[in-house]
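One file, work-v4.txt, is given below (compact mmCIF, C-alpha atoms and all ligand atoms).
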# COMPACT_ATOMS: atom_id res chain seq x y z
CA MET A 1 -24.61 -49.39 -41.45
CA PHE A 2 -25.54 -50.48 -37.92
CA SER A 3 -21.91 -50.60 -36.81
CA ALA A 4 -21.29 -47.17 -38.32
CA ALA A 5 -24.18 -45.82 -36.24
CA ILE A 6 -22.69 -47.39 -33.10
CA VAL A 7 -19.28 -45.91 -33.83
CA PHE A 8 -20.94 -42.55 -34.41
CA LEU A 9 -22.90 -42.74 -31.15
CA PHE A 10 -19.85 -43.65 -29.11
CA THR A 11 -17.76 -40.95 -30.72
CA MET A 12 -20.53 -38.46 -29.96
CA ALA A 13 -20.76 -39.61 -26.32
CA LEU A 14 -17.00 -39.33 -25.94
CA PHE A 15 -17.01 -35.87 -27.44
CA LEU A 16 -19.86 -34.69 -25.22
CA SER A 17 -18.31 -35.96 -22.01
CA GLY A 18 -15.03 -34.34 -22.98
CA TYR A 19 -16.83 -31.10 -23.72
CA VAL A 20 -18.65 -31.12 -20.37
CA LEU A 21 -15.43 -31.78 -18.49
CA GLN A 22 -13.66 -29.03 -20.36
CA GLN A 23 -16.42 -26.52 -19.70
CA ARG A 24 -16.35 -27.35 -16.03
CA TYR A 25 -12.60 -26.86 -15.98
CA VAL A 26 -12.89 -23.55 -17.81
CA HIS A 27 -15.49 -22.31 -15.32
CA THR A 28 -13.31 -23.24 -12.36
CA LEU A 29 -10.42 -21.49 -14.06
CA GLN A 30 -12.48 -18.38 -14.71
CA ALA A 31 -13.69 -18.30 -11.12
CA ALA A 32 -10.10 -18.57 -9.94
CA ILE A 33 -8.84 -15.76 -12.16
CA LYS A 34 -11.72 -13.35 -11.80
CA PRO A 35 -11.16 -10.66 -9.17
CA ARG A 36 -13.58 -10.82 -6.29
CA LEU A 37 -16.18 -8.09 -6.59
CA PRO A 38 -16.96 -6.16 -3.44
CA LYS A 39 -20.00 -6.87 -1.39
CA PRO A 40 -22.40 -3.94 -1.37
CA LEU A 41 -22.27 -1.81 1.76
CA PRO A 42 -24.60 -3.11 4.47
CA ALA A 43 -28.23 -1.91 4.51
CA ALA A 44 -29.22 1.45 5.91
CA LYS A 45 -30.86 0.06 9.02
CA PRO A 46 -29.03 0.40 12.34
CA ILE A 47 -26.31 -2.18 12.62
CA GLN A 48 -25.14 -4.13 15.61
CA PRO A 49 -21.81 -2.68 16.67
CA PRO A 50 -18.86 -5.05 16.80
CA THR A 51 -18.41 -6.54 20.23
CA LEU A 52 -14.83 -7.70 19.99
CA ASP A 53 -13.21 -4.68 21.43
CA VAL A 54 -15.28 -2.98 24.08
CA LYS A 55 -13.72 0.35 23.23
CA TRP A 56 -15.17 0.35 19.75
CA ALA A 57 -18.48 -1.16 20.72
CA ARG A 58 -20.58 1.97 20.54
CA PRO A 59 -23.92 2.63 18.91
CA MET A 60 -23.55 3.63 15.31
CA GLY A 61 -24.61 6.87 13.74
CA SER A 62 -26.60 7.22 10.60
CA ARG A 63 -25.57 5.83 7.27
CA PRO A 64 -22.83 7.94 5.71
CA ASP A 65 -22.93 9.67 2.38
CA VAL A 66 -22.52 6.83 0.01
CA ASP A 67 -23.30 7.08 -3.62
CA GLU A 68 -26.78 5.64 -3.89
CA SER A 69 -27.64 6.97 -7.31
CA VAL A 70 -27.09 3.57 -8.88
CA ASP A 71 -27.80 0.18 -7.52
CA GLN A 72 -24.59 -0.68 -5.75
CA LEU A 73 -24.30 -4.16 -7.13
CA ILE A 74 -24.57 -2.99 -10.71
CA ALA A 75 -22.21 -0.19 -9.87
CA GLY A 76 -19.78 -2.79 -8.52
CA GLU A 77 -19.82 -4.67 -11.83
CA THR A 78 -19.30 -1.61 -13.98
CA LEU A 79 -17.07 0.36 -11.66
CA ASP A 80 -13.83 1.67 -13.11
CA TRP A 81 -11.42 -0.16 -10.86
CA SER A 82 -8.43 1.32 -12.64
CA ARG A 83 -9.09 4.57 -10.74
CA LEU A 84 -9.25 2.98 -7.29
CA GLY A 85 -6.22 1.67 -5.49
CA TYR A 86 -4.24 0.65 -2.46
CA VAL A 87 -1.12 2.71 -1.92
CA GLN A 88 1.97 2.20 0.17
CA VAL A 89 4.43 5.02 0.74
CA VAL A 90 8.02 4.03 1.50
CA LYS A 91 10.42 6.67 2.76
CA GLU A 92 13.37 4.48 3.70
CA PHE A 93 14.82 1.10 2.75
CA ALA A 94 13.75 -0.59 5.98
CA GLU A 95 10.08 -0.02 5.19
CA LEU A 96 10.13 -1.49 1.70
CA CYS A 97 9.58 -5.17 2.43
CA SER A 98 6.57 -4.57 4.70
CA ALA A 99 5.01 -2.32 2.07
CA VAL A 100 5.47 -4.91 -0.68
CA MET A 101 4.02 -7.57 1.65
CA LEU A 102 0.89 -5.52 2.21
CA LEU A 103 0.36 -5.02 -1.52
CA ALA A 104 1.02 -8.74 -2.06
CA ASP A 105 -1.71 -9.46 0.51
CA VAL A 106 -4.11 -7.21 -1.42
CA GLN A 107 -3.35 -9.26 -4.53
CA LYS A 108 -3.68 -12.57 -2.72
CA LEU A 109 -7.09 -11.53 -1.41
CA LYS A 110 -8.12 -10.86 -5.02
CA SER A 111 -9.05 -7.23 -4.67
CA PRO A 112 -9.91 -5.76 -8.08
CA ALA A 113 -8.33 -2.41 -7.12
CA LYS A 114 -4.91 -1.22 -8.27
CA ARG A 115 -1.79 -1.60 -6.17
CA ILE A 116 0.61 1.33 -6.06
CA LEU A 117 4.00 1.74 -4.41
CA MET A 118 5.54 5.18 -3.90
CA PHE A 119 9.25 5.39 -3.14
CA PRO A 120 11.99 8.05 -3.32
CA ARG A 121 13.01 8.76 -6.90
CA VAL A 122 16.68 9.02 -5.86
CA TRP A 123 16.68 5.22 -5.51
CA LEU A 124 16.59 5.05 -9.29
CA LYS A 125 19.50 7.38 -9.86
CA GLU A 126 21.88 5.93 -12.36
CA ARG A 127 24.74 4.06 -10.89
CA LYS A 128 28.17 4.93 -12.14
CA ASP A 129 29.77 2.18 -14.18
CA ASP A 130 32.63 1.44 -11.83
CA GLU A 131 30.51 1.66 -8.72
CA GLU A 132 29.18 -1.60 -7.30
CA TYR A 133 25.70 -1.66 -5.84
CA ASP A 134 25.93 -2.22 -2.13
CA SER A 135 23.88 -5.11 -0.79
CA GLN A 136 21.12 -2.87 0.55
CA MET A 137 20.65 -1.31 -2.85
CA SER A 138 20.55 -4.65 -4.62
CA THR A 139 17.92 -5.92 -2.15
CA THR A 140 15.94 -2.76 -2.79
CA MET A 141 16.05 -3.24 -6.55
CA ARG A 142 15.13 -6.90 -6.18
CA LEU A 143 12.11 -6.03 -4.03
CA LEU A 144 10.93 -3.34 -6.46
CA ARG A 145 11.16 -5.84 -9.31
CA THR A 146 9.30 -8.50 -7.31
CA ALA A 147 6.56 -6.00 -6.50
CA ALA A 148 6.08 -5.05 -10.14
CA ARG A 149 6.48 -8.45 -11.80
CA ARG A 150 5.06 -10.89 -9.32
CA HIS A 151 2.47 -8.75 -7.57
CA GLY A 152 1.37 -6.43 -10.34
CA VAL A 153 2.30 -3.31 -8.39
CA THR A 154 2.53 0.03 -10.19
CA LEU A 155 5.80 1.66 -9.15
CA HIS A 156 5.55 5.37 -8.60
CA PRO A 157 8.76 7.29 -7.82
CA MET A 158 8.10 10.35 -5.65
CA GLU A 159 9.88 13.64 -5.21
CA THR A 160 10.79 15.24 -1.91
CA ILE A 161 7.86 17.17 -0.46
CA VAL A 162 9.90 20.36 -0.17
CA ASP A 163 11.53 21.27 -3.47
CA GLY A 164 15.29 20.93 -3.36
CA ALA A 165 15.40 18.99 -0.07
CA ASP A 166 17.98 16.26 0.48
CA GLY A 167 16.50 13.21 -1.26
CA SER A 168 18.50 10.77 0.81
CA LEU A 169 16.75 11.70 4.08
CA PRO A 170 13.53 9.81 4.88
CA SER A 171 12.16 12.97 6.53
CA SER A 172 12.27 14.76 3.17
CA TYR A 173 9.29 12.66 2.07
CA SER A 174 5.72 12.94 3.17
CA LEU A 175 2.44 11.06 3.05
CA ALA A 176 1.10 14.24 1.48
CA SER A 177 2.53 12.86 -1.77
CA LEU A 178 -0.57 10.65 -1.85
CA TYR A 179 -2.35 13.72 -3.19
CA SER A 180 -0.12 13.80 -6.24
CA LEU A 181 -1.71 10.58 -7.55
CA THR A 182 -4.36 12.52 -9.42
CA ASN A 183 -4.93 9.69 -11.92
CA TYR A 184 -6.86 7.96 -9.17
CA GLU A 185 -10.30 8.81 -7.87
CA ARG A 186 -9.92 7.22 -4.44
CA ILE A 187 -6.99 5.53 -2.77
CA VAL A 188 -6.56 3.72 0.52
CA TYR A 189 -3.39 3.98 2.55
CA LEU A 190 -2.68 1.57 5.39
CA GLN A 191 0.08 2.22 7.88
CA GLY A 192 2.43 -0.75 8.11
CA PRO A 193 3.79 -3.04 9.21
CA GLY A 194 0.77 -5.23 9.50
CA VAL A 195 -1.28 -8.13 8.27
CA LEU A 196 -4.28 -7.81 6.00
CA LEU A 197 -6.77 -10.54 6.88
CA ASP A 198 -9.56 -9.60 4.51
CA ALA A 199 -9.81 -6.90 1.86
CA SER A 200 -13.55 -7.01 1.24
CA ALA A 201 -14.53 -4.27 3.71
CA LEU A 202 -11.89 -1.94 2.27
CA ASP A 203 -12.91 -2.81 -1.30
CA SER A 204 -16.51 -1.91 -0.48
CA LEU A 205 -15.41 1.38 1.06
CA LEU A 206 -13.26 2.17 -1.97
CA ALA A 207 -16.01 1.26 -4.38
CA PHE A 208 -19.04 2.89 -2.84
CA SER A 209 -17.86 5.89 -0.83
CA LYS A 210 -18.18 9.46 -1.98
CA SER A 211 -14.87 11.06 -2.86
CA GLU A 212 -13.70 13.26 0.00
CA PRO A 213 -10.32 14.97 0.30
CA MET A 214 -9.68 12.96 3.46
CA ALA A 215 -11.43 10.18 5.36
CA ALA A 216 -9.08 9.01 8.10
CA PHE A 217 -9.38 6.43 10.83
CA PRO A 218 -9.96 8.19 14.18
CA ALA A 219 -7.10 8.23 16.68
CA THR A 220 -9.48 7.47 19.55
CA PRO A 221 -13.07 6.29 19.88
CA GLU A 222 -13.95 9.86 20.94
CA ARG A 223 -13.29 10.91 17.34
CA THR A 224 -11.50 14.13 18.20
CA ASP A 225 -8.39 13.58 16.08
CA LEU A 226 -7.42 11.72 12.97
CA SER A 227 -4.72 9.06 12.88
CA THR A 228 -2.64 7.91 9.93
CA SER A 229 -3.36 4.21 10.43
CA LEU A 230 -5.90 4.21 7.59
CA LEU A 231 -6.51 7.02 5.14
CA MET A 232 -8.92 7.15 2.25
CA VAL A 233 -7.96 10.01 0.02
CA HIS A 234 -9.32 11.70 -3.08
CA PRO A 235 -6.12 13.04 -4.70
CA SER A 236 -6.31 16.48 -6.22
CA HIS A 237 -3.88 19.04 -7.45
CA GLU A 238 -5.27 21.74 -5.11
CA SER A 239 -4.95 19.62 -1.95
CA PHE A 240 -1.44 18.60 -2.97
CA GLN A 241 -0.30 22.20 -3.51
CA GLN A 242 -1.83 23.29 -0.21
CA LEU A 243 -0.17 20.52 1.77
CA LYS A 244 3.13 21.09 -0.01
CA ALA A 245 3.04 24.81 0.79
CA SER A 246 2.13 24.16 4.38
CA ARG A 247 4.90 21.58 4.78
CA SER A 248 7.45 23.85 3.08
CA SER A 249 6.78 26.68 5.53
CA LYS A 250 7.43 24.50 8.57
CA PRO A 251 8.84 20.99 9.06
CA VAL A 252 6.15 18.96 10.82
CA THR A 253 5.31 15.27 11.04
CA ASP A 254 2.77 13.88 8.59
CA LEU A 255 0.33 13.38 11.44
CA ASP A 256 0.51 17.05 12.46
CA LEU A 257 0.40 18.18 8.86
CA PHE A 258 -2.83 16.28 8.25
CA ARG A 259 -4.33 17.32 11.59
CA GLN A 260 -3.75 20.95 10.71
CA ALA A 261 -5.14 20.59 7.20
CA PHE A 262 -8.17 18.42 7.91
CA ALA A 263 -10.51 19.18 10.82
CA ALA A 264 -11.42 16.24 12.99
CA PRO A 265 -14.95 14.97 12.83
CA GLN A 266 -15.58 15.91 9.18
CA SER A 267 -12.40 14.31 7.89
CA LEU A 268 -12.83 11.04 9.75
CA ILE A 269 -14.03 7.86 8.21
CA SER A 270 -17.73 7.63 9.05
CA GLU A 271 -18.58 6.08 12.37
CA TRP A 272 -20.97 3.92 10.51
CA SER A 273 -18.27 2.23 8.47
CA LEU A 274 -16.69 0.97 11.67
CA SER A 275 -19.70 -1.30 11.97
CA MET A 276 -18.04 -3.41 9.29
CA GLY A 277 -16.00 -4.90 12.14
CA ASN A 278 -12.47 -4.08 13.21
CA VAL A 279 -11.36 -2.27 10.09
CA VAL A 280 -8.06 -1.37 11.70
CA TYR A 281 -6.92 -3.13 14.84
CA GLU A 282 -3.65 -2.70 16.71
CA SER A 283 -2.02 -5.87 17.97
CA ARG A 284 -1.33 -4.39 21.41
CA HIS A 285 -5.07 -4.20 22.12
CA LEU A 286 -5.15 -7.99 22.14
CA ARG A 287 -3.59 -7.70 25.57
CA ASP A 288 -6.74 -5.98 26.84
CA ALA A 289 -8.93 -8.80 25.56
CA VAL A 290 -11.70 -9.62 27.97
CA ASP A 291 -13.03 -13.06 28.88
CA GLY A 292 -14.93 -14.66 26.08
CA PHE A 293 -12.63 -13.33 23.38
CA ASN A 294 -12.99 -15.73 20.47
CA LEU A 295 -10.18 -16.18 17.98
CA THR A 296 -12.43 -17.38 15.16
CA VAL A 297 -14.81 -14.47 15.55
CA PHE A 298 -11.90 -12.02 15.79
CA GLU A 299 -10.29 -13.23 12.58
CA GLY A 300 -13.61 -13.23 10.75
CA ALA A 301 -14.47 -9.67 11.74
CA THR A 302 -11.06 -8.04 11.35
CA THR A 303 -9.81 -6.42 8.18
CA TYR A 304 -6.34 -5.19 9.03
CA VAL A 305 -4.10 -5.63 12.04
CA ARG A 306 -1.26 -3.23 12.51
CA LEU A 307 1.52 -5.03 14.35
CA SER A 308 2.39 -2.46 16.94
CA ASP A 309 3.37 -3.32 20.48
CA PRO A 310 5.17 -0.40 22.10
CA GLU A 311 7.81 -2.55 23.81
CA LEU A 312 8.70 -4.44 20.63
CA PRO A 313 10.87 -3.00 17.85
CA GLY A 314 8.51 -4.30 15.15
CA PRO A 315 7.52 -7.62 13.62
CA GLU A 316 10.61 -7.54 11.35
CA TYR A 317 12.86 -8.22 14.33
CA ASP A 318 13.72 -11.48 15.96
CA VAL A 319 12.93 -10.81 19.61
CA PRO A 320 14.21 -13.43 22.09
CA TYR A 321 11.52 -15.81 23.30
CA ASN A 322 11.69 -14.66 26.92
CA ASP A 323 11.02 -11.04 26.01
CA ARG A 324 8.11 -12.00 23.81
CA ALA A 325 6.63 -14.36 26.37
CA ARG A 326 6.43 -11.52 28.88
CA LEU A 327 4.45 -9.33 26.47
CA ARG A 328 1.99 -11.88 25.12
CA PRO A 329 -1.68 -11.43 25.95
CA LYS A 330 -2.77 -13.36 29.03
CA ASP A 331 -6.08 -14.54 27.60
CA GLU A 332 -5.50 -17.88 25.89
CA GLN A 333 -7.47 -17.16 22.70
CA ALA A 334 -6.06 -13.65 22.41
CA ARG A 335 -2.55 -15.01 22.85
CA GLU A 336 -3.11 -17.48 20.06
CA ALA A 337 -4.37 -14.68 17.81
CA TRP A 338 -1.35 -12.53 18.69
CA GLU A 339 1.18 -15.28 18.06
CA LYS A 340 -0.49 -16.27 14.80
CA LEU A 341 -0.28 -12.70 13.50
CA TYR A 342 3.42 -12.36 14.23
CA GLU A 343 4.13 -15.81 12.82
CA ARG A 344 2.13 -15.09 9.69
CA PHE A 345 4.11 -11.87 9.21
CA ARG A 346 7.38 -13.79 9.56
CA GLN A 347 6.31 -16.39 6.98
CA ARG A 348 5.04 -13.82 4.48
CA ARG A 349 8.27 -11.89 4.83
CA MET A 350 10.14 -14.99 3.75
CA GLU A 351 7.68 -15.83 0.93
CA VAL A 352 7.35 -12.34 -0.50
CA CYS A 353 10.71 -10.70 0.21
CA GLY A 354 12.94 -13.71 0.76
CA LEU A 355 14.11 -12.09 3.98
CA ASP A 356 14.64 -13.53 7.45
CA LEU A 357 13.86 -11.61 10.60
CA GLU A 358 16.42 -8.96 11.49
CA TYR A 359 18.76 -9.41 14.41
CA TRP A 360 17.68 -7.30 17.35
CA GLU A 361 19.73 -6.09 20.25
CA LYS A 362 17.83 -5.06 23.33
CA PRO A 363 18.13 -1.29 23.71
CA GLN A 364 19.73 0.03 26.88
CA LEU A 365 17.09 2.69 27.36
CA GLN A 366 13.52 1.61 27.97
CA ALA A 367 12.16 4.74 26.30
CA ASP A 368 13.45 3.65 22.89
CA GLY A 369 10.70 1.17 22.15
CA ALA A 370 7.86 3.28 23.53
CA ASP A 371 8.61 6.20 21.23
CA ARG A 372 7.92 4.21 18.13
CA ALA A 373 4.17 4.14 18.51
CA ASP A 374 3.92 7.93 18.56
CA ASN A 375 5.78 8.64 15.38
CA GLY A 376 8.88 9.17 17.48
CA GLN A 377 10.97 8.19 14.49
CA GLU A 378 9.48 10.92 12.36
CA ALA A 379 10.07 13.52 15.04
CA ALA A 380 13.67 12.38 15.28
CA ASP A 381 14.05 12.61 11.53
CA ASP A 382 12.68 16.12 11.52
CA VAL A 383 15.32 17.13 14.03
CA HIS A 384 17.85 15.62 11.65
CA GLU A 385 16.53 17.72 8.86
CA ASP A 386 16.74 20.91 10.87
CA THR A 387 20.35 20.18 11.63
CA ALA A 388 21.01 19.45 8.00
CA ALA A 389 19.39 22.72 6.96
CA GLU A 390 21.62 24.68 9.30
CA LEU A 391 24.80 23.13 7.96
C1 LIG B 401 -15.67 -19.37 18.76
O1 LIG B 401 -16.77 -19.09 17.93
C2 LIG B 401 -17.05 -20.12 16.99
C3 LIG B 401 -18.14 -19.63 16.07
O2 LIG B 401 -19.05 -18.83 16.74
C4 LIG B 401 -17.41 -21.40 17.73
O3 LIG B 401 -17.69 -22.43 16.81
C5 LIG B 401 -16.26 -21.79 18.63
O4 LIG B 401 -16.60 -22.93 19.41
C6 LIG B 401 -15.87 -20.65 19.55
N1 LIG B 401 -14.66 -21.02 20.25
C7 LIG B 401 -14.52 -20.92 21.57
C8 LIG B 401 -13.23 -21.37 22.13
O5 LIG B 401 -15.39 -20.47 22.29
Take the structure in the file and write it out as structure tokens.
Amino acid sequence: MFSAAIVFLFTMALFLSGYVLQQRYVHTLQAAIKPRLPKPLPAAKPIQPPTLDVKWARPMGSRPDVDESVDQLIAGETLDWSRLGYVQVVKEFAELCSAVMLLADVQKLKSPAKRILMFPRVWLKERKDDEEYDSQMSTTMRLLRTAARRHGVTLHPMETIVDGADGSLPSSYSLASLYSLTNYERIVYLQGPGVLLDASALDSLLAFSKSEPMAAFPATPERTDLSTSLLMVHPSHESFQQLKASRSSKPVTDLDLFRQAFAAPQSLISEWSLSMGNVVYESRHLRDAVDGFNLTVFEGATTYVRLSDPELPGPEYDVPYNDRARLRPKDEQAREAWEKLYERFRQRRMEVCGLDLEYWEKPQLQADGADRADNGQEAADDVHEDTAAEL
């Protein structure tokens, strides 16, 4: 009897310890799987402006129109995340990898929002039986599959913005197609290529902002024009038809199209939201870093860095060391930040797309690189289209 009791007690103890261990394991597992919920937007009191970039360090305005009808935290728990998303729009093959990388970053940072990739529908056109895919096309298909299977991206083929336009030209597509995603309440578009360091500020904006047709990142601190570096959009059929009509009447760049359709201060992301830190930062500004720039603080306060240095062809290209060394920021901490960003991009490109950096030949004309920052490519493509229309 006594020995039976002992056996029972030991069995019980064994069972309990096993149970406790298992529970602990399950909790860790749950914590790892669960998407990170957004922090509520900061309180309504005036907020210290960020001090990293003197240009943005300005006193903040009042709190913007955020939906305060429900306690934000509760709202965050019950929010319908299936109607909020991050979108990338790809118009040509060369942009695909960077777009998939950005959406993979969103996934890695555990944002609960959807990830959506828009790309020309002609890419899906059926291949004829005897026709071999060329290597570009097979890379494209591989990247689309990776995006969908490994990174949970919703693939969304898009039509040309002008009905009947040549689907093989990048300039036939427009960011205005964002407005066709009417299944979504609010979507965020980030202009690539770049590195997403932290998605929490963008998640909070997505979750708790009021739906506006357009809330764009300002082109300058003076807030006189919008830029396309970050757009938060409420898609609607009306806006889409308007933009489509406007674009059909005259070929213009996306930037000009949006500037015509959405007046500046009203359609800009609220000044207040910039107090969340550097929501969008351009890598070339690291060269203007002043003394006392701190890498740790910079990384902690920055959401997204667009890798754009006018003299460089883009982070996808392997630029010889001597050329890079000339362009690096002089400040030691800023230089480290700059190098880390480009290196991180290179590594992610390999991890996500399985692609090495592209070979780059130095252009003969200096102007070539400088154009890039001002949508020079789009302008060039529009010229293309005009020519094509005449033929
Ligand atoms: C940067 O800031 C962090 C945190 O404030 C601090 O621990 C670190 O020493 C600073 N680094 C430098 C180089 O000043």
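Straight-line separation from atom CA of A:Arg284 to atom CA of A:Phe217: 17.1 Å.
Separating atom C1 of ligand LIG 401 (chain B) from atom CA of A:Phe293 is a distance of 8.2 Å.
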At a cut-off of 8 Å, can you tabulate as JSON lines every residue of chain A near ligand LIG 401 (chain B) together with its closest atom pair and the distance in Å to one decimal, using all atoms listed in the file and ordering rows by chain then number?
{"residue": "A:Gly292", "atom": "CA", "partner": "B:LIG401", "partner_atom": "O5", "distance": 7.0}
{"residue": "A:Phe293", "atom": "CA", "partner": "B:LIG401", "partner_atom": "O5", "distance": 7.7}
{"residue": "A:Asn294", "atom": "CA", "partner": "B:LIG401", "partner_atom": "C1", "distance": 4.8}
{"residue": "A:Leu295", "atom": "CA", "partner": "B:LIG401", "partner_atom": "C1", "distance": 6.4}
{"residue": "A:Thr296", "atom": "CA", "partner": "B:LIG401", "partner_atom": "C1", "distance": 5.2}
{"residue": "A:Val297", "atom": "CA", "partner": "B:LIG401", "partner_atom": "O1", "distance": 5.6}
{"residue": "A:Gln333", "atom": "CA", "partner": "B:LIG401", "partner_atom": "C8", "distance": 7.2}
Please check which residues have atoms at most 6 Å from (-0.8, -1.5, -8.9) in the file's coordinates, counting all atoms listed in the file, and write them as a PDB file with C-alpha atoms, in the coordinates of the input.
ATOM      1  CA  LYS A 114      -4.910  -1.220  -8.270  1.00  0.00           C
ATOM      2  CA  ARG A 115      -1.790  -1.600  -6.170  1.00  0.00           C
ATOM      3  CA  ILE A 116       0.610   1.330  -6.060  1.00  0.00           C
ATOM      4  CA  GLY A 152       1.370  -6.430 -10.340  1.00  0.00           C
ATOM      5  CA  VAL A 153       2.300  -3.310  -8.390  1.00  0.00           C
ATOM      6  CA  THR A 154       2.530   0.030 -10.190  1.00  0.00           C
TER       7      THR A 154
END
Practice task
Please provide as a PyMOL selection string all residues within 6 Å of stretch 98-106 of chain A, with the sequence filter that same-chain residues fewer than 2 positions apart are discarded (counting all atoms listed in the file).
Solution key: chain A and resi 88+95-96+108-109+111+151+193
What would stretch 234-247 of chain A look like with N, CA, C and O atoms in place, written as a compact mmCIF listing (two decimals), keeping the file's coordinate frame?
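The result, stored in selection_5.txt:
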# COMPACT_ATOMS: atom_id res chain seq x y z
N HIS A 234 -9.01 11.34 -1.70
CA HIS A 234 -9.32 11.70 -3.08
C HIS A 234 -8.23 12.67 -3.53
O HIS A 234 -8.23 13.82 -3.15
N PRO A 235 -7.26 12.18 -4.34
CA PRO A 235 -6.12 13.04 -4.70
C PRO A 235 -6.57 14.19 -5.59
O PRO A 235 -7.43 14.00 -6.45
N SER A 236 -6.02 15.35 -5.34
CA SER A 236 -6.31 16.48 -6.22
C SER A 236 -5.14 17.43 -6.20
O SER A 236 -4.38 17.49 -5.22
N HIS A 237 -4.99 18.12 -7.30
CA HIS A 237 -3.88 19.04 -7.45
C HIS A 237 -3.93 20.12 -6.36
O HIS A 237 -2.90 20.45 -5.77
N GLU A 238 -5.13 20.65 -6.10
CA GLU A 238 -5.27 21.74 -5.11
C GLU A 238 -4.81 21.27 -3.73
O GLU A 238 -4.00 21.94 -3.08
N SER A 239 -5.33 20.13 -3.28
CA SER A 239 -4.95 19.62 -1.95
C SER A 239 -3.44 19.42 -1.89
O SER A 239 -2.80 19.75 -0.89
N PHE A 240 -2.87 18.87 -2.96
CA PHE A 240 -1.44 18.60 -2.97
C PHE A 240 -0.65 19.89 -2.82
O PHE A 240 0.26 19.98 -1.99
N GLN A 241 -1.03 20.92 -3.59
CA GLN A 241 -0.30 22.20 -3.51
C GLN A 241 -0.43 22.82 -2.13
O GLN A 241 0.54 23.35 -1.58
N GLN A 242 -1.63 22.74 -1.54
CA GLN A 242 -1.83 23.29 -0.21
C GLN A 242 -0.95 22.61 0.83
O GLN A 242 -0.27 23.27 1.62
N LEU A 243 -0.95 21.27 0.79
CA LEU A 243 -0.17 20.52 1.77
C LEU A 243 1.32 20.78 1.57
O LEU A 243 2.08 20.94 2.52
N LYS A 244 1.73 20.86 0.33
CA LYS A 244 3.13 21.09 -0.01
C LYS A 244 3.58 22.47 0.52
O LYS A 244 4.64 22.59 1.14
N ALA A 245 2.72 23.46 0.31
CA ALA A 245 3.04 24.81 0.79
C ALA A 245 3.13 24.83 2.31
O ALA A 245 4.06 25.40 2.89
N SER A 246 2.17 24.17 2.93
CA SER A 246 2.13 24.16 4.38
C SER A 246 3.36 23.44 4.95
O SER A 246 3.98 23.91 5.91
N ARG A 247 3.75 22.34 4.32
CA ARG A 247 4.90 21.58 4.78
C ARG A 247 6.21 22.33 4.50
O ARG A 247 7.18 22.22 5.26
